[in-house]
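So this one's model-v4.tsv, TSV, C-alpha atoms:
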chain	number	residue	atom	x	y	z
S	71	MET	CA	87.95	79.74	118.87
S	72	MET	CA	89.15	79.60	115.24
S	73	LYS	CA	91.79	82.13	114.26
S	74	HIS	CA	93.02	83.31	110.87
S	75	TYR	CA	96.47	84.77	110.19
S	76	LEU	CA	95.90	87.41	107.52
S	77	GLN	CA	98.26	90.10	108.80
S	78	PHE	CA	100.77	90.42	111.62
S	79	SER	CA	98.32	92.36	113.80
S	80	ASP	CA	96.02	89.31	114.02
S	81	LEU	CA	98.00	87.93	116.97
S	82	THR	CA	99.11	89.44	120.28
S	83	ALA	CA	102.58	89.80	121.79
S	84	ASP	CA	101.78	86.92	124.15
S	85	GLU	CA	100.76	84.68	121.24
S	86	TYR	CA	103.95	85.56	119.38
S	87	ALA	CA	106.05	84.69	122.43
S	88	TRP	CA	104.36	81.28	122.45
S	89	ILE	CA	104.88	80.71	118.72
S	90	PHE	CA	108.55	81.71	118.86
S	91	GLU	CA	109.15	79.30	121.73
S	92	ARG	CA	107.33	76.51	119.91
S	93	ALA	CA	109.38	77.28	116.79
S	94	ARG	CA	112.55	76.92	118.85
S	95	ILE	CA	111.41	73.52	120.16
S	96	ILE	CA	110.20	72.31	116.77
S	97	LYS	CA	113.43	73.41	115.08
S	98	ALA	CA	115.53	71.62	117.72
S	99	ARG	CA	113.57	68.42	117.09
S	100	PHE	CA	114.07	68.84	113.35
S	101	LYS	CA	117.83	69.24	113.77
S	102	GLN	CA	117.97	66.12	115.95
S	103	TYR	CA	115.95	64.10	113.40
S	104	GLU	CA	113.27	63.60	116.05
S	105	LYS	CA	109.92	62.66	114.58
S	106	TYR	CA	107.13	65.03	115.60
S	107	GLN	CA	103.78	64.62	113.86
S	108	PRO	CA	100.93	66.31	115.75
S	109	LEU	CA	99.00	67.03	112.53
S	110	THR	CA	98.56	63.45	111.34
S	111	ASP	CA	95.48	63.17	109.09
S	112	ARG	CA	95.24	66.96	108.72
S	113	THR	CA	95.30	68.48	105.23
S	114	LEU	CA	96.75	71.83	104.17
S	115	ALA	CA	95.47	73.49	101.00
S	116	LEU	CA	98.09	75.69	99.30
S	117	ILE	CA	96.58	78.19	96.85
S	118	PHE	CA	99.01	80.18	94.70
S	119	GLU	CA	98.09	83.06	92.43
S	120	LYS	CA	101.63	84.45	92.74
S	121	ALA	CA	104.76	82.44	91.97
S	122	SER	CA	106.64	81.03	94.93
S	123	THR	CA	109.77	79.16	95.95
S	124	ARG	CA	110.35	79.57	99.70
S	125	THR	CA	106.65	79.84	100.58
S	126	ARG	CA	105.71	76.64	98.78
S	127	VAL	CA	108.69	74.60	99.94
S	128	SER	CA	108.44	75.74	103.57
S	129	PHE	CA	104.69	75.16	103.91
S	130	GLU	CA	104.64	71.90	101.96
S	131	ALA	CA	107.69	70.39	103.67
S	132	GLY	CA	106.49	71.68	107.03
S	133	MET	CA	103.06	70.11	106.79
S	134	TYR	CA	104.52	66.76	105.71
S	135	GLN	CA	107.01	66.88	108.58
S	136	LEU	CA	104.13	67.49	111.01
S	137	GLY	CA	102.44	64.35	109.70
S	138	GLY	CA	99.83	65.99	107.49
S	139	SER	CA	99.21	66.09	103.76
S	140	VAL	CA	99.07	68.87	101.19
S	141	VAL	CA	96.81	69.83	98.29
S	142	HIS	CA	98.53	72.28	95.92
S	143	LEU	CA	96.48	74.62	93.71
S	144	THR	CA	97.73	77.25	91.26
S	145	THR	CA	96.05	79.83	89.04
S	146	GLY	CA	95.81	77.26	86.25
S	147	ASP	CA	93.90	74.67	88.26
S	148	SER	CA	91.76	76.74	90.61
S	149	GLN	CA	88.89	79.16	90.04
S	150	LEU	CA	89.58	81.56	92.88
S	151	GLY	CA	87.61	84.71	92.09
S	152	ARG	CA	87.30	84.05	88.35
S	153	SER	CA	84.54	81.76	87.08
S	154	GLU	CA	83.62	80.91	90.68
S	155	PRO	CA	83.08	83.51	93.43
S	156	ILE	CA	85.72	83.53	96.17
S	157	GLU	CA	82.99	82.91	98.71
S	158	ASP	CA	82.01	79.64	97.01
S	159	SER	CA	85.61	78.48	96.67
S	160	ALA	CA	86.11	79.09	100.38
S	161	ARG	CA	82.99	77.16	101.33
S	162	VAL	CA	84.06	74.16	99.25
S	163	ILE	CA	87.80	74.04	100.00
S	164	SER	CA	87.30	74.55	103.74
S	165	ARG	CA	84.91	71.57	103.86
S	166	MET	CA	87.60	69.31	102.38
S	167	THR	CA	90.75	70.51	104.17
S	168	ASP	CA	91.78	71.54	107.69
S	169	ILE	CA	93.82	74.70	107.02
S	170	VAL	CA	94.42	76.93	104.00
S	171	MET	CA	97.40	79.04	102.90
S	172	ILE	CA	96.81	81.62	100.15
S	173	ARG	CA	99.44	83.62	98.24
S	174	THR	CA	97.66	86.16	96.06
S	175	PHE	CA	97.50	89.78	94.95
S	176	GLU	CA	94.83	91.87	96.72
S	177	GLN	CA	94.39	91.49	100.48
S	178	THR	CA	90.63	91.72	99.94
S	179	LYS	CA	90.69	88.29	98.25
S	180	ILE	CA	92.12	86.52	101.26
S	181	GLU	CA	89.84	88.45	103.63
S	182	VAL	CA	86.74	87.40	101.68
S	183	PHE	CA	87.97	83.80	101.58
S	184	ALA	CA	88.60	83.77	105.34
S	185	ALA	CA	85.17	85.25	106.04
S	186	HIS	CA	83.55	82.23	104.37
S	187	SER	CA	86.02	79.55	105.51
S	188	ARG	CA	85.31	76.93	108.15
S	189	VAL	CA	89.04	76.44	108.80
S	190	PRO	CA	92.01	78.73	109.59
S	191	VAL	CA	93.42	80.75	106.68
S	192	ILE	CA	97.05	81.92	106.50
S	193	ASN	CA	98.38	84.78	104.39
S	194	GLY	CA	101.37	83.46	102.43
S	195	LEU	CA	101.81	86.94	100.84
S	196	THR	CA	99.58	89.63	99.41
S	197	ASN	CA	100.34	93.01	97.87
S	198	GLU	CA	99.70	94.58	101.26
S	199	TYR	CA	101.21	92.21	103.87
S	200	HIS	CA	103.72	89.39	104.31
S	201	PRO	CA	103.28	88.25	107.94
S	202	CYS	CA	104.92	84.80	107.65
S	203	GLN	CA	108.15	86.37	106.41
S	204	ILE	CA	108.35	88.84	109.28
S	205	LEU	CA	107.55	85.99	111.66
S	206	ALA	CA	110.65	84.20	110.35
S	207	ASP	CA	112.74	87.39	110.40
S	208	ILE	CA	111.99	88.13	114.04
S	209	PHE	CA	112.58	84.52	115.07
S	210	THR	CA	115.95	84.69	113.30
S	211	PHE	CA	116.83	87.89	115.14
S	212	ILE	CA	115.91	86.27	118.47
S	213	GLU	CA	118.12	83.26	117.67
S	214	HIS	CA	121.13	85.48	116.97
S	215	ARG	CA	120.66	88.46	119.26
S	216	GLY	CA	117.95	87.69	121.82
S	217	PRO	CA	114.65	89.54	122.32
S	218	ILE	CA	113.80	92.20	119.74
S	219	THR	CA	111.98	94.36	122.32
S	220	GLY	CA	113.60	97.78	122.51
S	221	LYS	CA	115.79	97.20	119.44
S	222	LYS	CA	116.02	99.27	116.25
S	223	VAL	CA	115.42	97.96	112.74
S	224	ALA	CA	116.24	99.90	109.56
S	225	TRP	CA	113.97	99.32	106.59
S	226	VAL	CA	115.70	100.56	103.43
S	227	GLY	CA	113.68	100.48	100.22
S	228	ASP	CA	110.11	100.19	98.99
S	229	GLY	CA	107.15	101.00	101.23
S	230	ASN	CA	105.67	97.64	100.31
S	231	ASN	CA	104.03	94.65	102.02
S	232	MET	CA	107.22	93.93	103.96
S	233	ALA	CA	107.47	97.50	105.24
S	234	ASN	CA	103.80	97.49	106.26
S	235	THR	CA	104.32	94.27	108.18
S	236	TRP	CA	107.51	95.44	109.90
S	237	LEU	CA	105.58	98.44	111.23
S	238	GLN	CA	102.82	96.21	112.57
S	239	ALA	CA	105.43	94.01	114.24
S	240	ALA	CA	107.14	97.01	115.84
S	241	ASP	CA	103.79	98.22	117.16
S	242	ILE	CA	102.97	94.84	118.74
S	243	LEU	CA	106.42	93.71	119.92
S	244	ASP	CA	107.70	97.09	121.14
S	245	PHE	CA	110.68	97.88	118.94
S	246	THR	CA	111.40	100.75	116.55
S	247	VAL	CA	111.62	100.80	112.76
S	248	HIS	CA	113.77	103.39	110.96
S	249	LEU	CA	111.93	103.73	107.68
S	250	SER	CA	113.62	105.11	104.56
S	251	THR	CA	111.87	104.97	101.19
S	252	PRO	CA	112.29	106.99	97.99
S	253	ARG	CA	109.87	109.82	97.40
S	254	GLY	CA	106.67	108.48	95.89
S	255	TYR	CA	107.20	105.00	97.37
S	256	GLU	CA	106.35	105.74	101.00
S	257	VAL	CA	104.44	103.40	103.28
S	258	ASP	CA	100.66	103.80	103.10
S	259	GLN	CA	99.87	104.56	106.74
S	260	ARG	CA	96.27	103.44	106.29
S	261	LEU	CA	97.41	99.99	105.17
S	262	ALA	CA	100.09	99.65	107.83
S	263	GLY	CA	97.45	100.46	110.41
S	264	VAL	CA	99.79	100.92	113.38
S	265	LYS	CA	98.22	102.20	116.58
S	266	ASN	CA	101.39	103.72	118.04
S	267	ASN	CA	103.18	106.09	115.67
S	268	ALA	CA	106.12	106.19	118.08
S	269	CYS	CA	107.13	102.72	116.89
S	270	TYR	CA	108.76	104.15	113.75
S	271	GLN	CA	110.74	107.11	112.43
S	272	THR	CA	111.08	108.19	108.81
S	273	PHE	CA	114.36	109.21	107.17
S	274	LYS	CA	114.94	110.81	103.79
S	275	ASP	CA	118.53	109.56	103.76
S	276	PRO	CA	118.81	105.74	103.94
S	277	SER	CA	122.28	106.01	105.46
S	278	GLU	CA	120.88	108.05	108.34
S	279	ALA	CA	118.20	105.42	108.87
S	280	CYS	CA	120.93	102.86	109.56
S	281	VAL	CA	122.66	104.82	112.32
S	282	GLY	CA	122.76	102.81	115.54
S	283	VAL	CA	120.32	100.09	114.45
S	284	ASP	CA	120.50	96.41	115.37
S	285	LEU	CA	119.18	95.09	112.05
S	286	VAL	CA	119.23	96.38	108.47
S	287	THR	CA	116.76	94.81	106.08
S	288	THR	CA	115.48	95.41	102.57
S	289	ASP	CA	113.60	93.90	99.63
S	290	VAL	CA	113.74	94.01	95.83
S	291	TRP	CA	113.06	97.35	94.19
S	292	THR	CA	110.26	95.90	92.05
S	293	SER	CA	107.89	93.43	93.68
S	294	MET	CA	105.74	90.93	91.79
S	295	GLY	CA	102.89	92.65	90.01
S	296	TYR	CA	104.80	95.92	89.50
S	297	GLU	CA	107.11	94.85	86.70
S	298	ALA	CA	105.82	97.60	84.37
S	299	GLU	CA	107.38	100.14	86.76
S	300	ASN	CA	110.79	98.50	86.71
S	301	GLU	CA	112.78	101.20	84.89
S	302	ALA	CA	111.21	104.04	86.87
S	303	ARG	CA	111.93	102.19	90.08
S	304	ARG	CA	115.56	101.52	89.15
S	305	ALA	CA	116.06	105.27	88.78
S	306	ALA	CA	114.15	106.20	91.94
S	307	PHE	CA	115.82	103.60	94.16
S	308	ALA	CA	119.43	104.09	93.04
S	309	SER	CA	120.47	105.53	96.44
S	310	TRP	CA	118.59	102.83	98.40
S	311	ARG	CA	121.15	100.07	97.94
S	312	VAL	CA	122.36	98.58	101.22
S	313	SER	CA	126.14	98.91	101.19
S	314	ASN	CA	129.01	98.28	103.60
S	315	ASP	CA	129.00	102.01	104.34
S	316	MET	CA	125.39	101.76	105.51
S	317	MET	CA	126.15	98.67	107.60
S	318	ALA	CA	129.10	100.50	109.17
S	319	ARG	CA	126.67	103.12	110.53
S	320	ALA	CA	124.69	100.42	112.36
S	321	GLN	CA	125.69	98.76	115.62
S	322	PRO	CA	128.93	96.75	115.27
S	323	ASN	CA	127.02	93.48	115.69
S	324	ALA	CA	124.06	94.49	113.51
S	325	LEU	CA	122.52	91.84	111.27
S	326	PHE	CA	121.48	92.06	107.64
S	327	MET	CA	118.33	90.38	106.32
S	328	HIS	CA	116.58	90.06	102.98
S	329	CYS	CA	113.38	88.11	102.30
S	330	LEU	CA	114.74	86.86	98.95
S	331	PRO	CA	115.02	86.53	96.01
S	332	ALA	CA	117.77	89.16	96.00
S	333	HIS	CA	119.35	91.13	93.17
S	334	ARG	CA	122.97	91.76	94.06
S	335	GLY	CA	124.08	95.16	92.84
S	336	GLU	CA	120.54	96.58	93.05
S	337	GLU	CA	118.93	96.70	96.49
S	338	VAL	CA	122.01	95.23	98.21
S	339	ASP	CA	125.71	94.93	97.44
S	340	ALA	CA	127.06	91.40	97.08
S	341	ASP	CA	129.60	91.85	99.86
S	342	VAL	CA	126.78	92.70	102.28
S	343	ILE	CA	124.37	89.86	101.52
S	344	ASP	CA	127.27	87.40	101.28
S	345	GLY	CA	129.17	88.97	104.16
S	346	PRO	CA	129.58	88.05	107.85
S	347	GLN	CA	126.65	90.15	109.10
S	348	SER	CA	124.16	88.52	106.74
S	349	VAL	CA	121.80	85.88	108.15
S	350	VAL	CA	119.65	85.50	105.04
S	351	TRP	CA	120.06	81.72	104.83
S	352	ASP	CA	119.05	81.20	108.46
S	353	GLU	CA	116.17	83.59	107.77
S	354	ALA	CA	115.06	81.56	104.75
S	355	GLU	CA	115.25	78.25	106.63
S	356	ASN	CA	113.30	79.66	109.53
S	357	ARG	CA	110.23	80.08	107.36
S	358	LEU	CA	109.90	76.30	107.75
S	359	HIS	CA	110.10	76.29	111.53
S	360	VAL	CA	107.93	79.29	112.40
S	361	GLN	CA	105.23	78.22	109.95
S	362	LYS	CA	105.16	74.77	111.52
S	363	ALA	CA	104.68	76.43	114.90
S	364	LEU	CA	102.00	78.71	113.43
S	365	MET	CA	100.04	75.83	111.88
S	366	GLU	CA	100.31	73.85	115.12
S	367	TYR	CA	98.95	76.83	117.06
S	368	LEU	CA	96.09	77.60	114.67
S	369	LEU	CA	94.97	73.94	114.58
S	370	LEU	CA	95.76	72.68	118.09
S	371	GLY	CA	96.21	75.73	120.30
S	372	ARG	CA	98.89	75.73	123.00
S	373	VAL	CA	100.24	72.22	123.00
S	374	THR	CA	102.90	71.42	125.58
S	375	ASP	CA	104.48	68.16	124.40
Write the structure described by the file as structure tokens, please.
Amino acid sequence: MMKHYLQFSDLTADEYAWIFERARIIKARFKQYEKYQPLTDRTLALIFEKASTRTRVSFEAGMYQLGGSVVHLTTGDSQLGRSEPIEDSARVISRMTDIVMIRTFEQTKIEVFAAHSRVPVINGLTNEYHPCQILADIFTFIEHRGPITGKKVAWVGDGNNMANTWLQAADILDFTVHLSTPRGYEVDQRLAGVKNNACYQTFKDPSEACVGVDLVTTDVWTSMGYEAENEARRAAFASWRVSNDMMARAQPNALFMHCLPAHRGEEVDADVIDGPQSVVWDEAENRLHVQKALMEYLLLGRVTD
């Protein structure tokens, strides 16, 4: 049965365990220069309405490495929701390709597209959710520290698409998020849509949110699409910069993550992101490996070779 991946809650804990294990195998093959091309003759459509570096490179390189091909569309050369209805674009593109990744603004756009698509649709980022990034983040944590079940993650910063997705992940995979956001930038509980409110705690003080956690993570103060709020956000977020003092409150072996791009001296100090607890480069690379496992799963199911 066809599946879409529009938010983290679209898959179960059992499915995530499978994808993480496949990502481990696929990454090992990649590191050993072992050719693995289960998606030969399959085509991935990449549709970008928001700018991208890691998302484009990881999906495009990943699909080529799996033996498939890629069609790349941007705002300038597609008509998604402008002169052509999204429904019509979905009907056409999904008849010509095998899987679609969309990076756009409103979640409703990708939901409408998926509802009229004949092939799986993946959310490469929307204003509301960023499931592929959290997929990579959790895989990175597992690589370095083992299962994330029962662990504690501190989210320091904006109550944005990343925060929403971390809460969904905690709900499904049974860990706890310590959530600290400035006043007026809290997580929208309706959007996060968690079923178990015990999977997170809120903290007014970001330093308190970091006490005893196994992972500290953050994002830029001003996400794409909110640039007009930049000065107001710089003032509001001044105390939400991840520092060595915050990291010292976490577990001694706690990791630091950032989805990138990062602004050193704003949401994180340089000596944290470039320090020994930071795994941001592993995290960035792992977008490639988990997305390959995700595409394999959505197109082929549970392969065992």
Proximity of stretch 103-167 of chain S to stretch 188-201 of chain S: per-residue shortest pair, 8 Å limit, all atoms listed in the file, as a Markdown table:
| residue | atom | partner | partner_atom | distance |
| --- | --- | --- | --- | --- |
| S:Thr125 | CA | S:Gly194 | CA | 6.7 |
| S:Arg161 | CA | S:Arg188 | CA | 7.2 |
| S:Ser164 | CA | S:Arg188 | CA | 5.4 |
| S:Arg165 | CA | S:Arg188 | CA | 6.9 |
| S:Thr167 | CA | S:Val189 | CA | 7.7 |
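You can rank S:His359, S:Arg311, S:Lys221, S:Arg92 by their closest distance to S:Arg372 using only C-alpha atoms, and at the top of that list sits S:Arg92.
Distance annotation: of S:Lys179, S:Met317, S:Thr374, S:Leu330, the residue with the minimal separation from S:Pro346 is S:Met317; atom set is all atoms listed in the file.
Across S:Leu81, S:Leu114, S:Val349, S:Lys362, the tightest approach to S:Arg99 is made by S:Lys362 when counting only C-alpha atoms.
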message: Would you compute the distance between atom CA of S:Gln107 and atom CA of S:Gly132? Give it in Å to one decimal.
response: 10.2 Å
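Of the listed residues S:Ala308, S:Leu76, S:Val170, S:Leu325, the one whose atoms come nearest to S:Ala224 is S:Leu325, with distances taken using all atoms listed in the file.
Between atom CA of S:Thr272 and atom CA of S:Trp310 the interatomic distance comes to 13.9 Å.
In this structure, atom CA of S:Ala87 sits 18.9 Å away from atom CA of S:Val223.
Near (100.6, 97.5, 110.0), the residues that fall inside 10 Å on the basis of all atoms listed in the file are Gln77, Phe78, Ser79, Glu198, Tyr199, Pro201, Asn231, Met232, Ala233, Asn234, Thr235, Trp236, Leu237, Gln238, Ala239, Ala240, Asp241, Ile242, Val257, Asp258, Gln259, Arg260, Leu261, Ala262, Gly263, Val264 and Lys265 of chain S.
Omitting S:Pro322 and its sequence neighbours fewer than 2 positions away, and counting only C-alpha atoms, the residues within 10 Å are Gly282, Val283, Asp284, Met317, Ala318, Arg319, Ala320, Ala324, Leu325 and Gln347 of chain S.
If you measure from each of S:Val342, S:Leu358, S:Met327, S:Ala279 to S:Thr251 using all atoms listed in the file, the closest one turns out to be S:Ala279.
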Please return as a PDB file with C-alpha atoms, in the coordinates of the input every residue within 9 Å of (111.1, 101.7, 117.6), taking into account all atoms listed in the file and the file's own coordinates.
ATOM      1  CA  THR S 219     111.980  94.360 122.320  1.00  0.00           C
ATOM      2  CA  GLY S 220     113.600  97.780 122.510  1.00  0.00           C
ATOM      3  CA  LYS S 221     115.790  97.200 119.440  1.00  0.00           C
ATOM      4  CA  LYS S 222     116.020  99.270 116.250  1.00  0.00           C
ATOM      5  CA  VAL S 223     115.420  97.960 112.740  1.00  0.00           C
ATOM      6  CA  ALA S 240     107.140  97.010 115.840  1.00  0.00           C
ATOM      7  CA  ASP S 241     103.790  98.220 117.160  1.00  0.00           C
ATOM      8  CA  ASP S 244     107.700  97.090 121.140  1.00  0.00           C
ATOM      9  CA  PHE S 245     110.680  97.880 118.940  1.00  0.00           C
ATOM     10  CA  THR S 246     111.400 100.750 116.550  1.00  0.00           C
ATOM     11  CA  VAL S 247     111.620 100.800 112.760  1.00  0.00           C
ATOM     12  CA  HIS S 248     113.770 103.390 110.960  1.00  0.00           C
ATOM     13  CA  ALA S 268     106.120 106.190 118.080  1.00  0.00           C
ATOM     14  CA  CYS S 269     107.130 102.720 116.890  1.00  0.00           C
ATOM     15  CA  TYR S 270     108.760 104.150 113.750  1.00  0.00           C
ATOM     16  CA  GLN S 271     110.740 107.110 112.430  1.00  0.00           C
TER      17      GLN S 271
END
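Considering the residues S:Ile180, S:Ser293, S:Arg357, S:Val141 and counting all atoms listed in the file, S:Val127 has its shortest atom-to-atom contact with S:Arg357.
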